[in-house]
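Trainee: Have a look at this one.
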Amino acid sequence: MVKQERAARTRETLIRSAAEIIDREGFAVASLAAISTLAGVSNGALHFHFASKAALADAVEGAALARLFAVTDAALPPGTSRVQLLVDVTHGLARALRGDVVLRAGFELSVEAARPAQTDLSRCWQRWVEDLLARAAAEGELHPAVDAQDGVAAVVAATVGFEVLGARDAVWLAAATVTRFWRLLLPTLVRPGLLGDLRAEGIAGP
């Protein structure tokens with residue numbers, strides 16, 4: 001049992017170290033030697049857990065997907081609209097991207113040209129937004145002149161764009177940036193009677 005726990009800790013350390021190197025240098029430049037050095041383990045220990053850099057990148061993507069699901073699995077509080085949940089979750093995603101290098105690396109790997117993505121985090125995020133806005137439309141939350149897919153396009157393009165730009169300038173992932181986006185979009189997206197009940201800064205605030 002102790003040996004299994006140690007192996008699990010080593011694996012998690014390698015995943016995080018790989019994420020840090022990928023986040024800083026990119027997948028193509030990242031080397032197994034740099035990852036093992038950062039993790040404080042031997043090359044042999046690394047290869048015991050991961051046969052190749054591609055296998056390690058797959059593990060980073062898988063761990064990042066679990067983190068994305070933790071953000072999107074937020075429950076809908078009683079009396080809360082679907083659109084407010086979307087606002088809150090986009091704030092949660094921005095917070096997670098600011099603080100979680102594994103999640104950031106997972107998004108980067110999903111669009112990495114040097115390897116086939118095993119898990120497209122951007123596409124998973126898009127499907128979640130599509131489902132939520134379809135439910136919002138069915139419940140009469142959206143503006144009559146708005147097609148739900150137009151809302152999906154705006155939200156996904158903006159949030160994925162924030163993730164890409166945030167890799168170079170953290171202000172793109174700041175709560176204030178997400179709030180300004182929602183202040184601009186909400187009057188167009190939702191029916192007029194709902195607008196006054198929504199908080200662009202999220203229910204929990206920035």
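Chain labels A, B, ... are given in the sequence in which chains occur in the structure tokens; within each chain residues are numbered consecutively from 1, and ligands are likewise numbered from 1 in the order shown.
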Residues near Ala64 in chain A, anyone? I mean within 10 Å using only C-alpha atoms, not counting same-chain ones fewer than 4 positions away, as a PyMOL selection string.
Mentor: chain A and resi 15+19+58-60+68-70+100-107+109+119+121
Trainee: Report the residues of range 102-169 of chain A whose backbone DSSP state falls under helix (DSSP H, G or I), written as a ChimeraX atom specification.
Mentor: /A:102-110,121-138,148-166
Trainee: I need the residue nearest Ile203 in chain A from this list: A:Gly26, A:Pro116, A:Pro77, A:Gly99. Use only C-alpha atoms for the distance.
Mentor: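 Comparing A:Gly26, A:Pro116, A:Pro77, A:Gly99 against Ile203 in chain A, the winner is A:Pro77.
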Trainee: Fewer than 3 positions away in the same chain doesn't count, so skip those; otherwise give me all residues within 8 Å of range 90-98 of chain A, counting only C-alpha atoms, as a list in words.
Mentor: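 In the requested form, the answer reads Leu68, Val71, Leu86, Val87, Val101, Leu103, Arg104, Thr159, Glu163, Ala170, Leu173, Ala174, Ala175, Val178, Glu201, Gly202 and Pro206 of chain A.
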Trainee: Find the residue from A:Ala153, A:Ala39, A:Ala28, A:Leu85 that sits nearest to Ala113 in chain A; use only C-alpha atoms when measuring.
Mentor: A:Ala28
Trainee: A:Leu14, A:Val156, A:Leu38, A:Glu108: which is nearest Phe50 in chain A, counting only C-alpha atoms?
Mentor: A:Leu14
Trainee: Could you tell me which of A:Ser81, A:Asn43, A:Thr179, A:Thr13 comes closest to Ser31 in chain A if we count only C-alpha atoms?
Mentor: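 Using only C-alpha atoms, Ser31 in chain A sits closest to A:Asn43.
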Trainee: Quick one: residues within 12 Å of Gly151 in chain A, only C-alpha atoms counted, chain neighbours fewer than 3 positions away excluded, as a compact mmCIF listing (two decimals) with N, CA and C atoms, in the first residue's frame?
Mentor:
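That gives us part_19.txt:
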# COMPACT_ATOMS: atom_id res chain seq x y z
N VAL A 83 -28.58 31.23 -17.34
CA VAL A 83 -27.62 32.22 -17.81
C VAL A 83 -26.72 32.68 -16.66
N LEU A 86 -24.10 30.19 -16.20
CA LEU A 86 -23.07 30.32 -17.23
C LEU A 86 -22.10 31.44 -16.87
N GLN A 126 -17.08 23.81 -25.20
CA GLN A 126 -18.12 24.23 -26.14
C GLN A 126 -19.39 23.40 -25.96
N VAL A 129 -21.30 24.58 -22.89
CA VAL A 129 -21.98 25.85 -23.14
C VAL A 129 -23.20 25.64 -24.03
N GLU A 130 -23.06 24.81 -25.06
CA GLU A 130 -24.19 24.51 -25.95
C GLU A 130 -25.36 23.93 -25.17
N ASP A 131 -25.08 22.97 -24.32
CA ASP A 131 -26.14 22.32 -23.56
C ASP A 131 -26.83 23.31 -22.62
N LEU A 132 -26.04 24.13 -21.95
CA LEU A 132 -26.62 25.07 -20.99
C LEU A 132 -27.47 26.13 -21.69
N LEU A 133 -26.97 26.67 -22.80
CA LEU A 133 -27.74 27.71 -23.49
C LEU A 133 -28.97 27.12 -24.19
N ALA A 134 -28.90 25.86 -24.61
CA ALA A 134 -30.10 25.21 -25.16
C ALA A 134 -31.17 25.11 -24.08
N ALA A 136 -31.37 27.09 -21.45
CA ALA A 136 -31.80 28.45 -21.17
C ALA A 136 -32.83 28.92 -22.20
N ALA A 137 -32.60 28.58 -23.46
CA ALA A 137 -33.55 28.95 -24.52
C ALA A 137 -34.89 28.26 -24.31
N LEU A 142 -33.56 33.42 -22.96
CA LEU A 142 -32.85 34.17 -23.98
C LEU A 142 -33.74 35.19 -24.67
N HIS A 143 -33.13 36.22 -25.22
CA HIS A 143 -33.84 37.25 -25.97
C HIS A 143 -34.51 36.59 -27.17
N ALA A 145 -34.95 37.48 -30.10
CA ALA A 145 -34.25 37.69 -31.37
C ALA A 145 -32.92 36.96 -31.44
N VAL A 146 -32.55 36.26 -30.37
CA VAL A 146 -31.23 35.62 -30.31
C VAL A 146 -31.36 34.11 -30.53
N ASP A 147 -30.53 33.59 -31.40
CA ASP A 147 -30.41 32.15 -31.57
C ASP A 147 -29.39 31.63 -30.56
N ALA A 148 -29.70 30.53 -29.90
CA ALA A 148 -28.80 30.00 -28.87
C ALA A 148 -27.40 29.76 -29.41
N ALA A 154 -20.40 33.34 -29.31
CA ALA A 154 -19.83 34.49 -28.61
C ALA A 154 -19.11 34.07 -27.33
N VAL A 155 -19.75 33.21 -26.54
CA VAL A 155 -19.18 32.82 -25.25
C VAL A 155 -17.93 31.98 -25.44
N VAL A 156 -17.98 31.00 -26.34
CA VAL A 156 -16.83 30.11 -26.53
C VAL A 156 -15.67 30.87 -27.15
N ALA A 157 -15.94 31.70 -28.15
CA ALA A 157 -14.86 32.46 -28.78
C ALA A 157 -14.18 33.37 -27.77
N ALA A 158 -14.98 34.04 -26.94
CA ALA A 158 -14.40 34.96 -25.96
C ALA A 158 -13.61 34.22 -24.89
N TRP A 182 -19.34 40.16 -19.86
CA TRP A 182 -20.75 39.85 -19.60
C TRP A 182 -21.61 41.11 -19.58
N LEU A 185 -22.36 41.56 -23.20
CA LEU A 185 -23.15 40.53 -23.88
C LEU A 185 -24.56 40.35 -23.32
N LEU A 186 -24.72 40.45 -22.01
CA LEU A 186 -26.01 40.11 -21.40
C LEU A 186 -27.20 40.88 -21.97
N PRO A 187 -27.10 42.19 -22.20
CA PRO A 187 -28.27 42.90 -22.74
C PRO A 187 -28.74 42.37 -24.10
N THR A 188 -27.83 41.80 -24.85
CA THR A 188 -28.18 41.22 -26.15
C THR A 188 -28.66 39.79 -26.02
N LEU A 189 -28.12 39.06 -25.06
CA LEU A 189 -28.36 37.62 -24.95
C LEU A 189 -29.69 37.27 -24.28
N VAL A 190 -30.08 37.99 -23.23
CA VAL A 190 -31.22 37.56 -22.43
C VAL A 190 -32.45 38.43 -22.68
Trainee: Excluding range 2-7 of chain A and its own-chain neighbours fewer than 4 positions away, which residues fall within 10 Å of it when counting only C-alpha atoms? Please give them as a list in words.
Mentor: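 Those residues are Arg11, Glu12, Thr13, Ala45, Phe48 and His49 of chain A.
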